[in-house]
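**Student:** So here's upload_6.cif (mmCIF, C-alpha atoms and all ligand atoms).
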data_protein
loop_
_atom_site.label_atom_id
_atom_site.label_comp_id
_atom_site.auth_asym_id
_atom_site.auth_seq_id
_atom_site.Cartn_x
_atom_site.Cartn_y
_atom_site.Cartn_z
CA MET E 1 -18.52 -36.39 82.26
CA ALA E 2 -16.34 -38.27 79.81
CA ALA E 3 -15.87 -36.92 76.30
CA THR E 4 -13.32 -37.57 73.59
CA THR E 5 -11.17 -34.95 71.88
CA ILE E 6 -8.41 -35.55 69.39
CA SER E 7 -5.32 -33.37 69.10
CA PRO E 8 -4.55 -31.73 65.72
CA ALA E 9 -1.43 -33.95 65.35
CA ILE E 10 -3.39 -37.19 65.79
CA ARG E 11 -6.16 -35.85 63.57
CA LYS E 12 -3.63 -35.23 60.76
CA GLN E 13 -2.22 -38.73 61.19
CA MET E 14 -5.71 -40.27 61.14
CA SER E 15 -6.75 -38.46 57.98
CA SER E 16 -3.81 -39.96 56.12
CA VAL E 17 -4.15 -43.56 57.34
CA ALA E 18 -7.74 -44.11 58.26
CA VAL E 19 -9.56 -43.54 54.98
CA ALA E 20 -10.88 -47.07 54.53
CA MET E 21 -11.23 -48.06 58.19
CA LYS E 22 -14.46 -49.43 59.59
CA VAL E 23 -14.88 -48.88 63.31
CA ALA E 24 -17.64 -50.13 65.63
CA ILE E 25 -18.47 -47.96 68.61
CA ILE E 26 -20.32 -49.60 71.48
CA GLY E 27 -22.41 -46.96 73.19
CA GLY E 28 -24.30 -43.94 71.83
CA GLY E 29 -23.85 -41.82 74.97
CA ILE E 30 -21.84 -38.62 74.83
CA SER E 31 -18.44 -40.41 74.72
CA GLY E 32 -19.41 -42.78 71.92
CA ALA E 33 -21.18 -40.05 69.94
CA VAL E 34 -18.27 -37.57 70.17
CA CYS E 35 -15.84 -40.34 69.24
CA ALA E 36 -18.04 -41.37 66.28
CA SER E 37 -18.33 -37.80 65.02
CA THR E 38 -14.57 -37.19 65.33
CA LEU E 39 -13.67 -40.41 63.53
CA ALA E 40 -16.26 -39.85 60.78
CA ARG E 41 -14.97 -36.30 60.18
CA ASN E 42 -11.58 -37.91 59.61
CA GLY E 43 -12.79 -40.34 56.97
CA VAL E 44 -13.50 -43.39 59.13
CA SER E 45 -16.69 -45.35 58.48
CA VAL E 46 -18.37 -45.60 61.88
CA THR E 47 -21.23 -47.74 63.21
CA ILE E 48 -22.60 -47.01 66.68
CA PHE E 49 -24.33 -49.86 68.53
CA ASP E 50 -26.43 -49.13 71.59
CA SER E 51 -28.73 -51.45 73.50
CA GLY E 52 -30.95 -48.46 74.34
CA ARG E 53 -33.82 -47.21 72.20
CA GLY E 54 -32.01 -44.02 71.24
CA PRO E 55 -28.87 -41.94 71.74
CA GLY E 56 -27.82 -40.21 74.97
CA GLY E 57 -26.93 -42.97 77.43
CA ARG E 58 -26.74 -41.38 80.89
CA MET E 59 -27.39 -37.97 79.27
CA SER E 60 -30.85 -39.10 78.28
CA GLN E 61 -34.34 -37.65 78.26
CA ARG E 62 -37.45 -39.53 79.26
CA ARG E 63 -40.97 -38.99 77.95
CA GLU E 64 -43.95 -39.54 80.25
CA ILE E 65 -47.65 -38.76 79.92
CA GLY E 66 -49.19 -36.73 82.75
CA GLU E 67 -52.60 -37.31 84.36
CA ASP E 68 -54.05 -34.67 81.99
CA GLY E 69 -52.77 -36.63 78.95
CA LYS E 70 -50.05 -34.06 78.19
CA GLU E 71 -46.50 -35.07 77.30
CA LEU E 72 -43.87 -34.49 80.02
CA MET E 73 -40.15 -34.57 79.23
CA PHE E 74 -37.47 -35.10 81.89
CA ASP E 75 -33.65 -35.12 81.79
CA HIS E 76 -33.46 -37.94 84.30
CA GLY E 77 -29.70 -38.58 83.96
CA ALA E 78 -27.04 -35.86 83.99
CA PRO E 79 -28.86 -32.56 84.61
CA PHE E 80 -26.10 -30.37 83.11
CA PHE E 81 -22.37 -30.33 82.45
CA CYS E 82 -19.47 -27.92 82.95
CA VAL E 83 -16.40 -27.64 80.77
CA SER E 84 -12.83 -26.97 81.91
CA ASN E 85 -10.82 -28.24 78.95
CA SER E 86 -10.25 -25.82 76.04
CA ASP E 87 -10.62 -28.51 73.31
CA ALA E 88 -13.92 -29.62 74.84
CA LEU E 89 -15.02 -25.97 75.12
CA ALA E 90 -14.42 -25.50 71.39
CA LEU E 91 -16.71 -28.49 70.74
CA VAL E 92 -19.37 -27.08 73.07
CA HIS E 93 -19.26 -23.72 71.27
CA GLU E 94 -19.76 -25.55 67.97
CA TRP E 95 -22.78 -27.37 69.46
CA GLU E 96 -24.10 -24.01 70.73
CA SER E 97 -23.86 -22.57 67.21
CA ARG E 98 -25.85 -25.60 65.93
CA GLY E 99 -28.54 -24.94 68.56
CA VAL E 100 -28.15 -28.26 70.40
CA VAL E 101 -26.54 -26.76 73.52
CA SER E 102 -27.26 -23.71 75.62
CA GLU E 103 -26.11 -22.24 78.90
CA TRP E 104 -28.46 -22.82 81.84
CA ASN E 105 -28.46 -19.55 83.78
CA GLN E 106 -30.27 -19.95 87.09
CA VAL E 107 -29.55 -19.53 90.78
CA PHE E 108 -28.28 -22.71 92.43
CA GLY E 109 -27.73 -23.47 96.08
CA SER E 110 -27.27 -26.03 98.75
CA PHE E 111 -29.60 -27.22 101.52
CA ASP E 112 -28.49 -28.63 104.87
CA CYS E 113 -30.95 -31.26 106.11
CA ALA E 114 -29.36 -31.27 109.60
CA SER E 115 -30.05 -27.58 110.29
CA ASN E 116 -32.98 -27.38 107.82
CA LYS E 117 -31.44 -24.30 106.24
CA PHE E 118 -30.24 -23.12 102.85
CA LEU E 119 -26.48 -22.77 103.00
CA GLY E 120 -26.09 -20.44 100.08
CA PHE E 121 -27.85 -18.95 97.12
CA GLN E 122 -24.81 -18.22 94.99
CA GLN E 123 -24.41 -19.52 91.46
CA GLU E 124 -22.58 -22.77 92.43
CA GLY E 125 -18.94 -22.19 91.50
CA ASN E 126 -17.92 -19.95 88.59
CA ALA E 127 -18.21 -22.57 85.86
CA ASN E 128 -20.95 -22.12 83.25
CA LYS E 129 -23.56 -24.88 83.28
CA TYR E 130 -24.48 -26.23 79.86
CA VAL E 131 -27.50 -28.31 78.83
CA GLY E 132 -28.56 -30.06 75.64
CA VAL E 133 -31.50 -28.40 73.84
CA PRO E 134 -34.31 -29.39 73.85
CA GLY E 135 -33.04 -32.37 75.92
CA MET E 136 -29.74 -33.58 77.32
CA ASN E 137 -29.74 -36.29 74.61
CA SER E 138 -29.90 -33.68 71.79
CA ILE E 139 -26.11 -33.55 71.49
CA SER E 140 -25.68 -37.30 71.00
CA LYS E 141 -28.71 -37.32 68.69
CA ALA E 142 -27.18 -34.64 66.45
CA LEU E 143 -23.76 -36.34 66.40
CA CYS E 144 -25.25 -39.76 65.59
CA GLN E 145 -26.93 -38.21 62.53
CA GLU E 146 -23.74 -36.77 61.06
CA SER E 147 -22.47 -37.92 57.69
CA GLY E 148 -20.38 -41.11 57.93
CA VAL E 149 -22.04 -42.23 61.18
CA LYS E 150 -24.46 -45.16 61.10
CA SER E 151 -26.45 -45.89 64.27
CA MET E 152 -27.97 -49.19 65.36
CA PHE E 153 -30.14 -48.64 68.45
CA GLY E 154 -31.83 -51.47 70.31
CA THR E 155 -28.75 -53.57 69.51
CA GLY E 156 -26.88 -54.86 72.55
CA ILE E 157 -23.44 -56.26 71.75
CA ALA E 158 -23.01 -59.60 73.49
CA LYS E 159 -19.76 -60.85 71.97
CA LEU E 160 -16.56 -59.30 70.61
CA GLU E 161 -14.28 -61.78 68.87
CA TRP E 162 -10.79 -61.14 67.53
CA LEU E 163 -10.14 -63.27 64.44
CA GLU E 164 -6.67 -63.47 62.94
CA GLU E 165 -7.97 -62.12 59.64
CA GLU E 166 -7.75 -58.93 57.60
CA ILE E 167 -10.82 -57.38 59.21
CA PRO E 168 -10.32 -58.85 62.66
CA TRP E 169 -13.27 -57.89 64.88
CA LEU E 170 -16.51 -59.88 64.68
CA LEU E 171 -19.45 -58.50 66.66
CA THR E 172 -22.48 -60.54 67.73
CA ASP E 173 -25.63 -59.04 69.26
CA SER E 174 -27.66 -60.29 72.20
CA LYS E 175 -29.95 -62.30 69.85
CA GLY E 176 -26.88 -64.21 68.63
CA GLU E 177 -26.84 -62.41 65.24
CA ASN E 178 -23.62 -61.43 63.50
CA VAL E 179 -23.80 -57.61 63.20
CA GLY E 180 -20.60 -57.08 61.25
CA ARG E 181 -16.83 -57.20 60.89
CA PHE E 182 -14.71 -54.18 61.83
CA ASP E 183 -11.09 -53.03 61.73
CA GLY E 184 -11.40 -51.46 65.17
CA VAL E 185 -13.77 -51.32 68.16
CA VAL E 186 -14.29 -48.53 70.69
CA ALA E 187 -16.25 -49.43 73.82
CA SER E 188 -17.55 -46.57 75.95
CA ASP E 189 -18.88 -48.70 78.83
CA LYS E 190 -16.76 -50.89 81.03
CA ASN E 191 -19.58 -53.41 81.29
CA ILE E 192 -18.21 -55.13 78.15
CA VAL E 193 -15.64 -56.76 80.42
CA SER E 194 -17.40 -56.56 83.76
CA PRO E 195 -19.18 -59.25 85.85
CA ARG E 196 -21.97 -56.67 86.16
CA PHE E 197 -22.90 -57.51 82.54
CA THR E 198 -23.54 -61.10 83.66
CA GLN E 199 -25.56 -59.97 86.70
CA VAL E 200 -27.86 -57.94 84.43
CA THR E 201 -28.09 -60.14 81.31
CA GLY E 202 -27.15 -63.64 82.51
CA LEU E 203 -24.58 -63.75 79.65
CA PRO E 204 -20.77 -63.75 79.93
CA PRO E 205 -19.18 -60.30 79.35
CA PRO E 206 -18.78 -59.56 75.59
CA LEU E 207 -14.97 -59.29 75.72
CA ASP E 208 -12.76 -61.93 77.32
CA LEU E 209 -10.56 -59.86 79.64
CA SER E 210 -7.75 -62.39 79.40
CA LEU E 211 -7.23 -61.06 75.82
CA VAL E 212 -6.40 -57.61 77.24
CA PRO E 213 -4.82 -58.27 80.68
CA ASP E 214 -3.37 -54.74 80.98
CA LEU E 215 -6.88 -53.32 80.87
CA ALA E 216 -8.25 -55.20 83.90
CA PRO E 217 -6.60 -53.19 86.72
CA LYS E 218 -7.35 -49.88 84.96
CA LEU E 219 -11.04 -50.72 84.55
CA GLN E 220 -11.34 -51.69 88.18
CA LEU E 221 -10.34 -48.13 89.10
CA ILE E 222 -13.40 -46.69 87.32
CA PRO E 223 -16.09 -46.35 89.99
CA VAL E 224 -19.73 -47.23 89.38
CA LEU E 225 -22.04 -45.04 91.45
CA PRO E 226 -25.73 -45.99 91.28
CA CYS E 227 -28.51 -43.40 91.57
CA PHE E 228 -32.32 -43.34 91.55
CA SER E 229 -34.08 -40.44 89.82
CA LEU E 230 -37.58 -39.38 90.82
CA MET E 231 -39.44 -37.33 88.18
CA LEU E 232 -42.13 -34.97 89.47
CA ALA E 233 -44.53 -32.64 87.64
CA PHE E 234 -46.49 -29.90 89.40
CA LYS E 235 -49.33 -27.80 87.99
CA GLU E 236 -48.22 -24.80 90.07
CA PRO E 237 -44.64 -23.55 90.63
CA LEU E 238 -42.94 -24.56 93.90
CA SER E 239 -42.56 -20.93 94.93
CA LEU E 240 -41.13 -21.75 98.39
CA ILE E 241 -37.90 -23.03 96.84
CA PRO E 242 -35.62 -20.05 96.16
CA VAL E 243 -33.27 -21.85 93.72
CA LYS E 244 -33.65 -23.98 90.59
CA GLY E 245 -31.01 -26.55 91.45
CA LEU E 246 -29.77 -27.64 94.85
CA SER E 247 -27.42 -30.13 96.39
CA PHE E 248 -28.33 -31.70 99.75
CA LYS E 249 -25.95 -31.88 102.70
CA ASN E 250 -26.51 -34.37 105.54
CA SER E 251 -29.21 -36.33 103.76
CA GLU E 252 -29.02 -40.11 103.60
CA ILE E 253 -31.52 -40.17 100.75
CA LEU E 254 -31.14 -37.15 98.44
CA SER E 255 -28.04 -35.75 96.77
CA TRP E 256 -29.48 -33.25 94.27
CA ALA E 257 -32.74 -31.76 92.95
CA HIS E 258 -33.38 -29.46 90.01
CA CYS E 259 -36.21 -27.77 88.20
CA ASP E 260 -35.94 -29.27 84.71
CA SER E 261 -38.56 -26.99 83.18
CA THR E 262 -36.34 -23.91 83.77
CA LYS E 263 -33.77 -25.13 81.26
CA PRO E 264 -33.71 -23.41 77.85
CA GLY E 265 -35.94 -24.91 75.17
CA ARG E 266 -38.19 -26.85 77.59
CA SER E 267 -41.97 -26.67 77.82
CA THR E 268 -43.17 -24.56 80.76
CA ASP E 269 -46.71 -26.03 80.77
CA SER E 270 -45.93 -27.61 84.13
CA GLU E 271 -43.11 -27.24 86.67
CA ARG E 272 -40.97 -30.36 86.52
CA TRP E 273 -38.47 -31.36 89.18
CA ILE E 274 -36.04 -34.26 89.27
CA LEU E 275 -34.62 -35.64 92.50
CA HIS E 276 -31.46 -37.77 92.62
CA SER E 277 -30.76 -40.22 95.41
CA THR E 278 -27.37 -40.56 97.09
CA PRO E 279 -25.21 -43.46 95.84
CA ASP E 280 -25.36 -44.97 99.36
CA TYR E 281 -29.16 -45.02 99.34
CA ALA E 282 -29.19 -46.67 95.87
CA ASN E 283 -26.51 -49.17 96.95
CA GLY E 284 -28.66 -50.09 99.96
CA VAL E 285 -31.63 -50.89 97.70
CA ILE E 286 -29.45 -52.88 95.26
CA ALA E 287 -27.95 -54.86 98.16
CA ARG E 288 -31.50 -55.96 99.07
CA THR E 289 -32.90 -56.54 95.58
CA GLY E 290 -29.98 -57.30 93.26
CA LEU E 291 -29.61 -55.69 89.83
CA GLN E 292 -32.76 -57.13 88.26
CA LYS E 293 -35.77 -54.99 87.28
CA LEU E 294 -37.40 -53.69 90.47
CA SER E 295 -41.00 -54.52 91.41
CA ASN E 296 -43.60 -51.73 91.39
CA GLU E 297 -43.87 -52.12 95.15
CA THR E 298 -40.14 -51.41 95.61
CA LEU E 299 -40.22 -48.52 93.12
CA ASN E 300 -43.21 -46.96 94.92
CA LYS E 301 -41.40 -47.24 98.26
CA ILE E 302 -38.29 -45.55 96.79
CA ALA E 303 -40.45 -42.77 95.29
CA GLU E 304 -42.23 -42.23 98.63
CA GLU E 305 -38.97 -42.05 100.60
CA MET E 306 -37.34 -39.62 98.17
CA PHE E 307 -40.42 -37.39 97.96
CA LYS E 308 -40.84 -37.36 101.76
CA GLU E 309 -37.22 -36.19 102.18
CA PHE E 310 -37.73 -33.46 99.55
CA HIS E 311 -41.02 -32.35 101.05
CA SER E 312 -39.67 -32.14 104.58
CA SER E 313 -36.65 -30.07 103.46
C1 LIG C 1 -28.27 -39.29 87.71
C2 LIG C 1 -26.99 -38.82 87.05
C3 LIG C 1 -26.51 -37.53 87.29
C4 LIG C 1 -25.34 -37.10 86.68
N1 LIG C 1 -24.93 -35.81 86.88
C5 LIG C 1 -23.91 -35.30 86.15
C6 LIG C 1 -23.59 -33.91 86.17
O1 LIG C 1 -24.21 -33.12 86.87
N2 LIG C 1 -22.57 -33.45 85.40
C7 LIG C 1 -21.84 -34.30 84.63
O2 LIG C 1 -20.92 -33.86 83.94
N3 LIG C 1 -22.12 -35.65 84.59
C8 LIG C 1 -23.14 -36.15 85.33
N4 LIG C 1 -23.44 -37.47 85.28
C9 LIG C 1 -22.54 -38.37 84.56
C10 LIG C 1 -22.74 -38.32 83.06
O3 LIG C 1 -24.10 -38.54 82.75
C11 LIG C 1 -21.88 -39.42 82.47
O4 LIG C 1 -20.53 -39.26 82.86
C12 LIG C 1 -21.90 -39.40 80.95
O5 LIG C 1 -23.21 -39.20 80.44
C13 LIG C 1 -21.31 -40.73 80.51
O6 LIG C 1 -21.33 -40.77 79.11
P1 LIG C 1 -20.73 -42.03 78.39
O7 LIG C 1 -21.01 -41.86 76.94
O8 LIG C 1 -19.31 -42.22 78.81
O9 LIG C 1 -21.51 -43.29 78.99
P2 LIG C 1 -23.06 -43.61 78.91
O10 LIG C 1 -23.86 -42.38 78.78
O11 LIG C 1 -23.35 -44.52 80.04
O12 LIG C 1 -23.17 -44.39 77.53
C14 LIG C 1 -22.82 -45.74 77.41
C15 LIG C 1 -23.81 -46.35 76.45
O13 LIG C 1 -23.36 -47.66 76.13
C16 LIG C 1 -24.49 -48.48 75.95
N5 LIG C 1 -24.02 -49.85 76.14
C17 LIG C 1 -23.36 -50.36 77.21
N6 LIG C 1 -23.05 -51.64 76.99
C18 LIG C 1 -23.51 -51.95 75.76
C19 LIG C 1 -23.48 -53.12 74.97
N7 LIG C 1 -22.91 -54.25 75.42
N8 LIG C 1 -24.06 -53.10 73.75
C20 LIG C 1 -24.64 -51.95 73.28
N9 LIG C 1 -24.69 -50.79 73.99
C21 LIG C 1 -24.12 -50.82 75.21
C22 LIG C 1 -25.47 -48.02 77.03
O14 LIG C 1 -26.79 -48.33 76.66
C23 LIG C 1 -25.21 -46.50 77.02
O15 LIG C 1 -26.13 -45.83 76.20
C24 LIG C 1 -24.61 -37.96 85.86
C25 LIG C 1 -25.08 -39.25 85.62
C26 LIG C 1 -26.28 -39.68 86.20
C27 LIG C 1 -26.80 -41.07 85.90
#
Turn this file's structure into structure tokens for me.
Ligand SMILES: Cc1cc2nc3c(=O)[nH]c(=O)nc-3n(C[C@H](O)[C@H](O)[C@H](O)COP(=O)(O)OP(=O)(O)OC[C@H]3O[C@@H](n4cnc5c(N)ncnc54)[C@H](O)[C@@H]3O)c2cc1C
**Tutor:**
Amino acid sequence: MAATTISPAIRKQMSSVAVAMKVAIIGGGISGAVCASTLARNGVSVTIFDSGRGPGGRMSQRREIGEDGKELMFDHGAPFFCVSNSDALALVHEWESRGVVSEWNQVFGSFDCASNKFLGFQQEGNANKYVGVPGMNSISKALCQESGVKSMFGTGIAKLEWLEEEIPWLLTDSKGENVGRFDGVVASDKNIVSPRFTQVTGLPPPLDLSLVPDLAPKLQLIPVLPCFSLMLAFKEPLSLIPVKGLSFKNSEILSWAHCDSTKPGRSTDSERWILHSTPDYANGVIARTGLQKLSNETLNKIAEEMFKEFHSS
């Protein structure tokens, strides 16, 4: 997972020079939110723009209504995160003290679809697994509400223009509206310069890459791995599964499954599982359908295939 930390030396420098700066941050996922919070704590006036309805990005939580009319919440993106960097760990401990993060202590394992056997029941690795509370998006949500941070959700940035003027950056949204002038811009998603933006929106990428030629080869190195998530709710616990999170070996369809309702701060009214497809399976679907919104027929077929693989494991 990407997150931004700033060394004490840079922080000191920023606090002396950045007092009046206005910075736009494109993306209210964890990277954009941490960046916004860090800049705002150092006196920068920050505006986050995100095309999504709320904060979180790929660390998001989805709300569904079950057949019984009850609300069901699912972390359908990143299920958890681990921390190896000491600066990032200090941030996570701060979030823990604010009640927006907790450790997720469960038994995790791995299942081999070739031999149809569990390969191990150990806690996967030694690293602590952390989750947002009550949802993975809680961290971004809290950071976006900090003093000095303004958030504009439902606002996709379609154009970034550099004007040779005192406040050089002009941002335009996907409706063609001018959304402000800024001294600096931070983009947390490479789609602002990627042809993928055009495949999804039909518009040219927001930033003309010829303005920043050094960036192009670096961005190409960042992989994009697609994934489908299937959200399942059961009235009764799946007692045959001896772990609460498992990776799959030798499956062409599934890479990971976890029991979302065992995370701290979640409702235990039902047992909720989330299955993730392998990138290869998702790439196969995208190769057939393109990147546009999928039909219900295709989505139902994906759900059936993923559930069948889970059920037969
Ligand atoms: C299924 C799945 C499982 C994962 N599992 C793990 C895991 O176990 N552990 C782990 O550490 N990580 C995991 N990850 C990866 C982790 O979720 C990401 O690395 C992390 O959330 C990325 O955060 P980010 O802020 O960099 O980007 P994102 O969360 O993608 O945020 C980018 C934001 O920018 C917005 N945006 C993009 N373009 C524009 C635009 N033009 N205008 C306005 N807004 C825009 C998007 O809407 C998005 O909200 C997983 C991800 C997925 C999808």
**Student:** With only C-alpha atoms and all ligand atoms counted, collect every polymer residue having an atom within 8 Å of ligand LIG 1 (chain C); state the result as number ranges by chain.
**Tutor:** E: 1-3, 26-33, 49-52, 54-60, 76-82, 154-158, 173, 187-192, 197, 206, 226-229, 276
**Student:** Any idea what the distance is between CA of Thr198 (chain E) and CA of Met231 (chain E)?
**Tutor:**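 Computed distance, CA of Thr198 (chain E) to CA of Met231 (chain E), equals 29.0 Å.
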**Student:** Pick out the closest residue to Tyr130 (chain E) from this set: E:Ala282, E:Ala216, E:Val100, E:Ile48. Count only C-alpha atoms.
**Tutor:**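 Closest to Tyr130 (chain E) of all the choices is E:Val100.
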**Student:** Please build the interface table for region 99-172 of chain E against region 236-249 of chain E with a cut-off of 8 Å, listing for each qualifying residue the nearest atom pair and the distance in Å to one decimal; count all atoms listed in the file, order rows by chain and increasing number, and write it as CSV.
**Tutor:**
residue,atom,partner,partner_atom,distance
E:Gln106,CA,E:Lys244,CA,6.3
E:Val107,CA,E:Val243,CA,5.3
E:Phe108,CA,E:Gly245,CA,4.8
E:Gly109,CA,E:Leu246,CA,4.8
E:Ser110,CA,E:Ser247,CA,4.7
E:Phe111,CA,E:Phe248,CA,5.0
E:Asp112,CA,E:Lys249,CA,4.7
E:Cys113,CA,E:Lys249,CA,6.1
E:Ala114,CA,E:Lys249,CA,7.7
E:Phe121,CA,E:Val243,CA,7.0
**Student:** Can you pull out every residue within 12 Å of Val185 (chain E), counting all atoms listed in the file, but drop anything in the same chain fewer than 2 positions away, and send it as an MDAnalysis selection string?
**Tutor:** chainID E and resid 21:27 32 35:36 39 45:49 157 159:162 167:171 180:183 187:188 192 207
**Student:** In Å, with one decimal, what is the gap from CA of Thr201 (chain E) to CA of Lys293 (chain E)?
**Tutor:** 11.0 Å
**Student:** Enter the distance from CA of Gly284 (chain E) to CA of Leu221 (chain E), in Å, rounded to one decimal.
**Tutor:**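 If I compute the distance from CA of Gly284 (chain E) to CA of Leu221 (chain E), I get 21.4 Å.
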